[in-house]
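Chemist: Next comes coords03.pdb, PDB, C-alpha atoms:
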ATOM      1  CA  MET A 235       0.000   0.000   0.000
ATOM      2  CA  SER A 236       1.236   3.482  -0.814
ATOM      3  CA  GLY A 237       1.671   6.049   1.919
ATOM      4  CA  ILE A 238      -0.714   8.788   2.944
ATOM      5  CA  ASP A 239      -0.383  12.235   4.439
ATOM      6  CA  VAL A 240      -2.707  12.018   7.424
ATOM      7  CA  LEU A 241      -4.185   9.312   9.623
ATOM      8  CA  ALA A 242      -6.787  10.382  12.191
ATOM      9  CA  ILE A 243      -7.897   8.132  15.044
ATOM     10  CA  GLY A 244     -11.090   8.718  16.964
ATOM     11  CA  GLU A 245     -14.851   8.871  17.182
ATOM     12  CA  PRO A 246     -17.225   9.757  14.318
ATOM     13  CA  LEU A 247     -20.815  10.790  14.986
ATOM     14  CA  VAL A 248     -23.987  11.444  13.033
ATOM     15  CA  GLU A 249     -25.439  14.905  13.688
ATOM     16  CA  PHE A 250     -29.054  16.077  13.887
ATOM     17  CA  ASN A 251     -29.741  19.820  13.803
ATOM     18  CA  ALA A 252     -33.055  21.028  15.200
ATOM     19  CA  GLY A 253     -35.143  22.812  12.592
ATOM     20  CA  THR A 254     -36.439  25.455  15.010
ATOM     21  CA  ASP A 255     -34.880  27.439  17.825
ATOM     22  CA  GLY A 256     -35.467  26.380  21.396
ATOM     23  CA  ASP A 257     -35.429  23.162  23.369
ATOM     24  CA  LEU A 258     -35.151  19.902  21.423
ATOM     25  CA  SER A 259     -38.589  18.876  22.645
ATOM     26  CA  GLY A 260     -40.147  21.691  20.648
ATOM     27  CA  SER A 261     -38.593  20.842  17.282
ATOM     28  CA  GLU A 262     -40.460  18.539  14.926
ATOM     29  CA  THR A 263     -37.878  18.547  12.133
ATOM     30  CA  PHE A 264     -34.150  17.867  12.093
ATOM     31  CA  SER A 265     -31.539  18.062   9.352
ATOM     32  CA  ARG A 266     -28.965  15.287   9.326
ATOM     33  CA  GLY A 267     -25.280  16.044   9.197
ATOM     34  CA  TYR A 268     -22.036  14.563  10.427
ATOM     35  CA  GLY A 269     -19.628  15.231  13.249
ATOM     36  CA  GLY A 270     -16.976  13.782  15.492
ATOM     37  CA  ASP A 271     -13.848  15.893  15.811
ATOM     38  CA  THR A 272     -11.409  13.510  14.135
ATOM     39  CA  SER A 273     -13.825  12.746  11.296
ATOM     40  CA  ASN A 274     -14.274  16.479  10.740
ATOM     41  CA  PHE A 275     -10.490  16.791  10.742
ATOM     42  CA  THR A 276     -10.002  14.186   8.015
ATOM     43  CA  ILE A 277     -12.598  15.826   5.791
ATOM     44  CA  ALA A 278     -11.079  19.286   6.298
ATOM     45  CA  ALA A 279      -7.630  17.917   5.456
ATOM     46  CA  ALA A 280      -8.956  16.070   2.397
ATOM     47  CA  ARG A 281     -10.769  19.153   1.088
ATOM     48  CA  SER A 282      -7.475  21.017   1.376
ATOM     49  CA  GLY A 283      -5.683  18.419  -0.725
ATOM     50  CA  ALA A 284      -4.222  15.943   1.777
ATOM     51  CA  ARG A 285      -4.343  12.181   1.325
ATOM     52  CA  THR A 286      -6.234  11.012   4.386
ATOM     53  CA  GLU A 287      -7.316   7.844   6.142
ATOM     54  CA  TYR A 288      -9.416   7.250   9.231
ATOM     55  CA  LEU A 289      -9.105   4.630  11.958
ATOM     56  CA  THR A 290     -12.226   4.023  14.014
ATOM     57  CA  ARG A 291     -15.010   1.611  14.902
ATOM     58  CA  ILE A 292     -18.625   2.088  13.772
ATOM     59  CA  GLY A 293     -21.772  -0.012  13.816
ATOM     60  CA  ASP A 294     -23.271  -1.970  10.948
ATOM     61  CA  ASP A 295     -26.372   0.164  11.361
ATOM     62  CA  ALA A 296     -27.764   2.797   9.004
ATOM     63  CA  PHE A 297     -25.736   5.548  10.680
ATOM     64  CA  GLY A 298     -22.527   3.600  10.169
ATOM     65  CA  THR A 299     -23.438   3.164   6.517
ATOM     66  CA  ALA A 300     -24.084   6.905   6.208
ATOM     67  CA  LEU A 301     -20.662   7.706   7.648
ATOM     68  CA  GLY A 302     -18.968   5.237   5.310
ATOM     69  CA  ASP A 303     -20.724   6.839   2.355
ATOM     70  CA  LEU A 304     -19.605  10.273   3.566
ATOM     71  CA  TRP A 305     -15.941   9.271   3.763
ATOM     72  CA  ARG A 306     -16.045   7.705   0.317
ATOM     73  CA  ARG A 307     -17.534  10.878  -1.149
ATOM     74  CA  GLU A 308     -14.863  12.948   0.542
ATOM     75  CA  GLY A 309     -11.972  10.736  -0.545
ATOM     76  CA  VAL A 310     -11.110   9.647   3.006
ATOM     77  CA  GLY A 311      -9.612   6.164   3.048
ATOM     78  CA  THR A 312     -11.351   3.621   5.304
ATOM     79  CA  PRO A 313      -9.221   0.425   5.332
ATOM     80  CA  HIS A 314      -8.885   0.743   9.109
ATOM     81  CA  VAL A 315     -12.571   1.327   9.877
ATOM     82  CA  VAL A 316     -14.091  -1.641  11.726
ATOM     83  CA  ARG A 317     -17.853  -2.213  11.408
ATOM     84  CA  GLU A 318     -19.168  -3.999  14.474
ATOM     85  CA  ALA A 319     -22.025  -6.437  13.989
ATOM     86  CA  GLY A 320     -24.954  -5.123  15.998
ATOM     87  CA  GLY A 321     -23.058  -1.953  16.970
ATOM     88  CA  ARG A 322     -24.898   1.331  17.387
ATOM     89  CA  THR A 323     -22.997   4.265  15.927
ATOM     90  CA  GLY A 324     -22.969   7.385  18.117
ATOM     91  CA  ILE A 325     -25.257  10.319  17.338
ATOM     92  CA  TYR A 326     -25.842  13.812  18.705
ATOM     93  CA  PHE A 327     -28.436  16.565  18.514
ATOM     94  CA  ILE A 328     -27.909  20.330  18.293
ATOM     95  CA  ALA A 329     -30.444  22.760  19.735
ATOM     96  CA  ARG A 330     -30.109  26.496  19.082
ATOM     97  CA  ASN A 331     -31.446  29.379  21.105
ATOM     98  CA  GLY A 332     -30.485  32.982  20.431
ATOM     99  CA  GLY A 333     -27.190  32.086  18.834
ATOM    100  CA  GLU A 334     -26.233  29.657  21.603
ATOM    101  CA  HIS A 335     -25.857  25.918  20.977
ATOM    102  CA  ALA A 336     -26.728  22.974  23.208
ATOM    103  CA  PHE A 337     -25.470  19.487  22.371
ATOM    104  CA  THR A 338     -27.095  16.213  23.415
ATOM    105  CA  TYR A 339     -25.042  13.055  22.805
ATOM    106  CA  TYR A 340     -26.014   9.393  22.524
ATOM    107  CA  ARG A 341     -22.656   7.643  22.413
ATOM    108  CA  HIS A 342     -22.661   5.317  25.443
ATOM    109  CA  ASP A 343     -21.339   1.876  24.476
ATOM    110  CA  SER A 344     -20.904   2.927  20.853
ATOM    111  CA  PRO A 345     -18.340   1.000  18.782
ATOM    112  CA  ALA A 346     -15.929   3.950  18.943
ATOM    113  CA  THR A 347     -15.777   3.624  22.732
ATOM    114  CA  ARG A 348     -14.313   0.150  22.164
ATOM    115  CA  LEU A 349     -11.270   1.431  20.303
ATOM    116  CA  SER A 350      -8.213  -0.226  21.844
ATOM    117  CA  PRO A 351      -4.461  -0.549  21.244
ATOM    118  CA  ALA A 352      -5.178  -3.749  19.302
ATOM    119  CA  ASP A 353      -6.797  -1.577  16.607
ATOM    120  CA  VAL A 354      -3.602   0.425  16.073
ATOM    121  CA  THR A 355      -0.603  -1.284  14.479
ATOM    122  CA  GLY A 356       2.860  -0.027  13.687
ATOM    123  CA  GLU A 357       2.320  -0.823  10.016
ATOM    124  CA  VAL A 358      -0.740   1.429   9.881
ATOM    125  CA  ILE A 359       1.020   4.279  11.691
ATOM    126  CA  ALA A 360       4.126   4.029   9.510
ATOM    127  CA  ARG A 361       2.087   4.618   6.342
ATOM    128  CA  ALA A 362       1.240   8.174   7.433
ATOM    129  CA  ARG A 363       3.318  11.326   7.576
ATOM    130  CA  LEU A 364       1.169  12.657  10.433
ATOM    131  CA  VAL A 365      -1.169  11.068  12.982
ATOM    132  CA  HIS A 366      -3.916  13.218  14.519
ATOM    133  CA  LEU A 367      -5.426  12.582  17.951
ATOM    134  CA  THR A 368      -7.671  14.465  20.357
ATOM    135  CA  GLY A 369      -8.743  14.624  23.961
ATOM    136  CA  ILE A 370     -12.236  13.467  23.025
ATOM    137  CA  THR A 371     -10.800  10.151  21.812
ATOM    138  CA  GLN A 372      -9.031   9.839  25.149
ATOM    139  CA  ALA A 373     -12.141  10.761  27.134
ATOM    140  CA  ILE A 374     -14.742   8.415  25.654
ATOM    141  CA  SER A 375     -13.289   5.294  27.312
ATOM    142  CA  PRO A 376     -10.136   3.989  29.011
ATOM    143  CA  SER A 377      -9.416   1.634  26.096
ATOM    144  CA  ALA A 378      -9.717   4.476  23.568
ATOM    145  CA  CYS A 379      -7.359   6.539  25.714
ATOM    146  CA  ASP A 380      -4.893   3.641  25.701
ATOM    147  CA  ALA A 381      -5.238   3.409  21.918
ATOM    148  CA  ALA A 382      -4.358   7.088  21.560
ATOM    149  CA  PHE A 383      -1.227   6.784  23.680
ATOM    150  CA  HIS A 384      -0.259   3.595  21.848
ATOM    151  CA  ALA A 385      -0.561   5.458  18.542
ATOM    152  CA  MET A 386       1.639   8.286  19.863
ATOM    153  CA  ALA A 387       4.311   5.823  20.988
ATOM    154  CA  LEU A 388       4.300   4.024  17.634
ATOM    155  CA  ALA A 389       4.492   7.338  15.783
ATOM    156  CA  ARG A 390       7.483   8.485  17.818
ATOM    157  CA  GLU A 391       9.260   5.188  17.184
ATOM    158  CA  ARG A 392       8.712   5.523  13.442
ATOM    159  CA  GLY A 393       9.403   9.216  12.978
ATOM    160  CA  VAL A 394       5.775  10.074  12.191
ATOM    161  CA  LEU A 395       4.518  13.498  13.264
ATOM    162  CA  VAL A 396       1.796  13.682  15.910
ATOM    163  CA  SER A 397      -0.731  16.512  16.005
ATOM    164  CA  TYR A 398      -2.945  16.824  19.059
ATOM    165  CA  ASP A 399      -6.010  18.897  19.903
ATOM    166  CA  PRO A 400      -7.107  18.721  23.573
ATOM    167  CA  ASN A 401     -10.710  19.450  22.536
ATOM    168  CA  HIS A 402     -11.619  19.356  26.203
ATOM    169  CA  ARG A 403     -15.221  18.469  27.001
ATOM    170  CA  PRO A 404     -15.823  18.767  30.770
ATOM    171  CA  GLY A 405     -18.912  16.566  30.581
ATOM    172  CA  LEU A 406     -16.878  13.580  29.393
ATOM    173  CA  TRP A 407     -14.385  13.249  32.231
ATOM    174  CA  ALA A 408     -13.177  14.689  35.518
ATOM    175  CA  THR A 409     -11.080  17.840  35.175
ATOM    176  CA  GLU A 410      -8.077  16.454  37.068
ATOM    177  CA  ARG A 411      -7.920  13.347  34.900
ATOM    178  CA  ALA A 412      -8.383  15.437  31.781
ATOM    179  CA  ARG A 413      -5.570  17.767  32.783
ATOM    180  CA  ALA A 414      -3.176  14.901  33.525
ATOM    181  CA  VAL A 415      -3.919  13.086  30.254
ATOM    182  CA  ILE A 416      -3.737  16.242  28.155
ATOM    183  CA  LEU A 417      -0.476  17.402  29.726
ATOM    184  CA  ARG A 418       1.133  14.034  29.001
ATOM    185  CA  SER A 419      -0.159  14.166  25.441
ATOM    186  CA  LEU A 420       1.277  17.640  24.894
ATOM    187  CA  ALA A 421       4.685  16.329  25.931
ATOM    188  CA  LEU A 422       4.443  13.560  23.313
ATOM    189  CA  CYS A 423       3.132  15.531  20.334
ATOM    190  CA  ASP A 424       4.899  17.545  17.632
ATOM    191  CA  ILE A 425       2.007  19.936  16.971
ATOM    192  CA  ALA A 426      -0.303  21.128  19.763
ATOM    193  CA  LEU A 427      -3.596  22.775  18.802
ATOM    194  CA  PRO A 428      -5.387  23.942  21.983
ATOM    195  CA  ASN A 429      -7.824  26.810  22.213
ATOM    196  CA  LEU A 430      -7.416  29.665  24.667
ATOM    197  CA  ASP A 431      -9.837  28.285  27.273
ATOM    198  CA  GLU A 432      -8.013  24.952  27.253
ATOM    199  CA  GLY A 433      -4.688  26.735  27.530
ATOM    200  CA  ARG A 434      -5.915  28.635  30.563
ATOM    201  CA  MET A 435      -7.171  25.425  32.173
ATOM    202  CA  LEU A 436      -3.853  23.675  31.578
ATOM    203  CA  THR A 437      -1.457  26.450  32.552
ATOM    204  CA  GLY A 438      -3.245  28.734  35.010
ATOM    205  CA  ALA A 439      -2.159  31.736  32.912
ATOM    206  CA  ASP A 440      -4.742  34.193  31.592
ATOM    207  CA  GLN A 441      -3.444  36.466  28.840
ATOM    208  CA  PRO A 442      -2.967  34.748  25.451
ATOM    209  CA  ARG A 443       0.775  35.386  25.195
ATOM    210  CA  ASP A 444       1.309  34.193  28.759
ATOM    211  CA  VAL A 445      -0.709  31.068  28.012
ATOM    212  CA  LEU A 446       1.336  30.480  24.866
ATOM    213  CA  ALA A 447       4.608  30.898  26.777
ATOM    214  CA  ALA A 448       3.486  28.359  29.364
ATOM    215  CA  LEU A 449       2.358  25.900  26.687
ATOM    216  CA  ARG A 450       5.753  26.137  25.010
ATOM    217  CA  GLU A 451       7.248  24.745  28.203
ATOM    218  CA  LEU A 452       4.885  21.777  27.987
ATOM    219  CA  CYS A 453       5.119  20.944  24.278
ATOM    220  CA  PRO A 454       8.508  20.530  22.574
ATOM    221  CA  GLY A 455       7.185  21.254  19.085
ATOM    222  CA  THR A 456       4.883  23.720  17.374
ATOM    223  CA  VAL A 457       2.066  25.267  19.425
ATOM    224  CA  VAL A 458      -0.961  26.953  17.858
ATOM    225  CA  LEU A 459      -3.211  28.686  20.385
ATOM    226  CA  LYS A 460      -6.628  29.117  18.750
ATOM    227  CA  ASN A 461      -8.901  31.975  19.806
ATOM    228  CA  GLY A 462     -11.935  31.902  17.535
ATOM    229  CA  ALA A 463     -12.735  35.168  15.799
ATOM    230  CA  GLN A 464      -9.644  36.699  17.411
ATOM    231  CA  GLY A 465      -7.407  34.446  15.340
ATOM    232  CA  ALA A 466      -4.517  32.491  16.803
ATOM    233  CA  LEU A 467      -1.009  32.713  18.183
ATOM    234  CA  LEU A 468       1.710  30.466  16.781
ATOM    235  CA  ALA A 469       4.960  29.439  18.449
ATOM    236  CA  ASP A 470       7.433  27.500  16.340
ATOM    237  CA  GLY A 471      11.017  27.449  17.568
ATOM    238  CA  ALA A 472      12.082  31.047  17.998
ATOM    239  CA  THR A 473       9.159  32.309  15.913
ATOM    240  CA  ILE A 474       6.012  33.751  17.463
ATOM    241  CA  ALA A 475       3.347  34.944  15.032
ATOM    242  CA  GLU A 476      -0.058  36.540  15.410
ATOM    243  CA  ILE A 477      -2.519  34.925  13.029
ATOM    244  CA  PRO A 478      -5.599  37.052  12.228
ATOM    245  CA  ALA A 479      -8.994  35.511  11.527
ATOM    246  CA  PRO A 480     -10.484  36.894   8.299
ATOM    247  CA  PRO A 481     -13.830  38.626   8.860
ATOM    248  CA  VAL A 482     -16.799  36.564   7.639
ATOM    249  CA  ALA A 483     -20.534  36.404   8.273
ATOM    250  CA  SER A 484     -20.518  33.636  10.880
ATOM    251  CA  VAL A 485     -23.678  31.687  11.704
ATOM    252  CA  ASP A 486     -22.405  28.472  13.353
ATOM    253  CA  ALA A 487     -19.002  27.723  14.859
ATOM    254  CA  SER A 488     -19.602  23.955  15.192
ATOM    255  CA  GLY A 489     -16.452  22.132  14.139
ATOM    256  CA  ALA A 490     -14.455  25.279  13.357
ATOM    257  CA  GLY A 491     -11.535  24.120  15.480
ATOM    258  CA  ASP A 492     -11.501  20.783  13.663
ATOM    259  CA  ALA A 493     -11.545  22.587  10.310
ATOM    260  CA  PHE A 494      -8.567  24.647  11.485
ATOM    261  CA  ASP A 495      -6.655  21.528  12.505
ATOM    262  CA  GLY A 496      -7.267  19.671   9.256
ATOM    263  CA  ALA A 497      -6.445  22.641   7.064
ATOM    264  CA  PHE A 498      -3.294  23.352   9.086
ATOM    265  CA  ALA A 499      -2.066  19.765   8.694
ATOM    266  CA  ALA A 500      -2.803  19.723   4.971
ATOM    267  CA  ARG A 501      -1.045  22.999   4.282
ATOM    268  CA  LEU A 502       1.947  22.114   6.451
ATOM    269  CA  LEU A 503       2.392  18.742   4.769
ATOM    270  CA  GLY A 504       1.887  20.470   1.432
ATOM    271  CA  GLY A 505       5.072  22.458   2.004
ATOM    272  CA  GLY A 506       3.858  25.552   3.845
ATOM    273  CA  GLU A 507       5.831  27.061   6.699
ATOM    274  CA  PRO A 508       4.015  26.842  10.061
ATOM    275  CA  ALA A 509       2.966  30.502  10.071
ATOM    276  CA  GLU A 510       1.696  30.240   6.498
ATOM    277  CA  ALA A 511      -0.160  27.029   7.358
ATOM    278  CA  ALA A 512      -1.748  28.765  10.353
ATOM    279  CA  ARG A 513      -2.944  31.694   8.230
ATOM    280  CA  TYR A 514      -4.425  29.234   5.748
ATOM    281  CA  ALA A 515      -6.076  27.311   8.589
ATOM    282  CA  ALA A 516      -7.541  30.466  10.128
ATOM    283  CA  ALA A 517      -9.174  31.280   6.797
ATOM    284  CA  ALA A 518     -10.521  27.735   6.480
ATOM    285  CA  ALA A 519     -11.923  27.846  10.021
ATOM    286  CA  ALA A 520     -13.551  31.221   9.376
ATOM    287  CA  LEU A 521     -15.253  29.926   6.242
ATOM    288  CA  SER A 522     -16.476  26.862   8.123
ATOM    289  CA  THR A 523     -18.565  29.128  10.367
ATOM    290  CA  THR A 524     -20.567  30.582   7.475
ATOM    291  CA  GLY A 525     -22.963  27.610   7.285
ATOM    292  CA  HIS A 526     -24.718  25.267   9.696
ATOM    293  CA  GLY A 527     -23.316  21.944  10.824
ATOM    294  CA  ALA A 528     -19.794  20.661  11.334
ATOM    295  CA  VAL A 529     -19.099  19.272   7.848
ATOM    296  CA  ARG A 530     -21.192  20.959   5.148
ATOM    297  CA  PRO A 531     -19.464  24.373   5.369
ATOM    298  CA  ILE A 532     -15.883  23.066   5.565
ATOM    299  CA  PRO A 533     -14.219  24.859   2.631
ATOM    300  CA  ARG A 534     -12.193  23.407  -0.187
ATOM    301  CA  HIS A 535      -8.684  24.545  -1.060
ATOM    302  CA  GLU A 536      -9.757  26.971  -3.770
ATOM    303  CA  ASP A 537     -12.288  28.617  -1.432
ATOM    304  CA  VAL A 538      -9.614  29.220   1.188
ATOM    305  CA  LEU A 539      -7.209  30.711  -1.352
ATOM    306  CA  GLU A 540      -9.937  33.083  -2.517
ATOM    307  CA  LEU A 541     -10.389  34.421   1.023
ATOM    308  CA  LEU A 542      -6.666  34.843   1.726
TER     309      LEU A 542
END
Render the structure in this file as structure tokens.

Modeler:
Amino acid sequence: MSGIDVLAIGEPLVEFNAGTDGDLSGSETFSRGYGGDTSNFTIAAARSGARTEYLTRIGDDAFGTALGDLWRREGVGTPHVVREAGGRTGIYFIARNGGEHAFTYYRHDSPATRLSPADVTGEVIARARLVHLTGITQAISPSACDAAFHAMALARERGVLVSYDPNHRPGLWATERARAVILRSLALCDIALPNLDEGRMLTGADQPRDVLAALRELCPGTVVLKNGAQGALLADGATIAEIPAPPVASVDASGAGDAFDGAFAARLLGGGEPAEAARYAAAAAALSTTGHGAVRPIPRHEDVLELL
């Protein structure tokens, strides 16, 4: 098998957006979409020109079939996707109220929660130039957390880059465990992609540059501190760069951080310097907020270039 640019490991989900504002109980219609941070990442990277594959577990139900069809349409390779007989693929619902979003998840005992180190082999890792992992993968179950650390160890042994987004979700695990796992992961990765709130939680610092300075002590590689519409701060070696977010008409920020991560990886592996890749990623993330849902508005390479 030929090599690829990016392998993501994690949990995919099927998304249902309420058709009317307010509590879910008041909506009679829902539009189906797709989510799961690492799945979003692979699609963002693929739309920006990277050769991508996904490693996960899904059910043999209709939702698993829908996700498989999505990845095929997007050109995401699926040789490492396991379909569990009788498995129920995770889903989530989005309710909106005055611009705020509320998420309701049904992922307990989903196939993705049964990811384990046995699913991740050195041969699979060695085919990629970069492996992408997140805190959500580590939070959904102890075995999935073990799989993530196993993937990091294999990547380090084989000279494969590791990118890592904490993507902290307080509802998934206790803060102290989350902090310990994320801090260890930052020490093992080559590219750290936290947002400002996560950086504050991890470091105790408040101002963005102070947070970035503290994160640089924790991560030996490149650190990108994402801050939504305020852009990002990049630290790469001796270089510190402010990355502006292009102004757009935002309507939904769901998955914007994942779009940033995927676009950043694609541009970096495509030959861009880290600061250039971050500017490209900020534009991709901005464009991803101009439509509803995590996947539909993820831009393609030509769309990002037009905004830059």

Chemist: For this file, the PyMOL selection byres ((chain A and resi 240-256) around 6) selects which residues, as a PyMOL selection string?

Modeler: chain A and resi 238-239+257+261+263-270+272-273+286-290+324-331+346+362+364-367+371

Chemist: One number please: CA of Arg361 in chain A to CA of Ser377 in chain A, in Å, one decimal.

Modeler: 23.1 Å

Chemist: Neighbouring residues of Arg418 in chain A were defined as those with any atom within 12 Å, considering only C-alpha atoms; residues of the same chain fewer than 5 positions away were excluded. Please report them as a ChimeraX atom specification.

Modeler: /A:369,372,379,382-383,386-387,398,400,411-413,423,426,436,452-454

Chemist: Care to translate the PyMOL selection byres ((chain A and resi 522) around 8) into actual residues of this file, as a PyMOL selection string?

Modeler: chain A and resi 487+489-490+493+518-521+523-525+528+531-533

Chemist: When distances are computed from all atoms listed in the file, which of A:Leu420, A:Leu449, A:Leu542, A:Ala336 shows the smallest separation from Ala469 in chain A?

Modeler: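 Ranked by minimum distance to Ala469 in chain A, first place goes to A:Leu449.
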
Chemist: Of the candidates A:Gly465, A:Gly455, A:Gly293, A:Gly332, which shows the shortest atom-to-atom distance to Arg317 in chain A, using only C-alpha atoms?

Modeler: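 Result for the nearest residue to Arg317 in chain A: A:Gly293.
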
Chemist: If we count all atoms listed in the file, what is near Ala352 in chain A at a cut-off of 10 Å, once residues fewer than 4 positions away on the same chain are taken out, given as a PyMOL selection string?

Modeler: chain A and resi 377+380-381+384
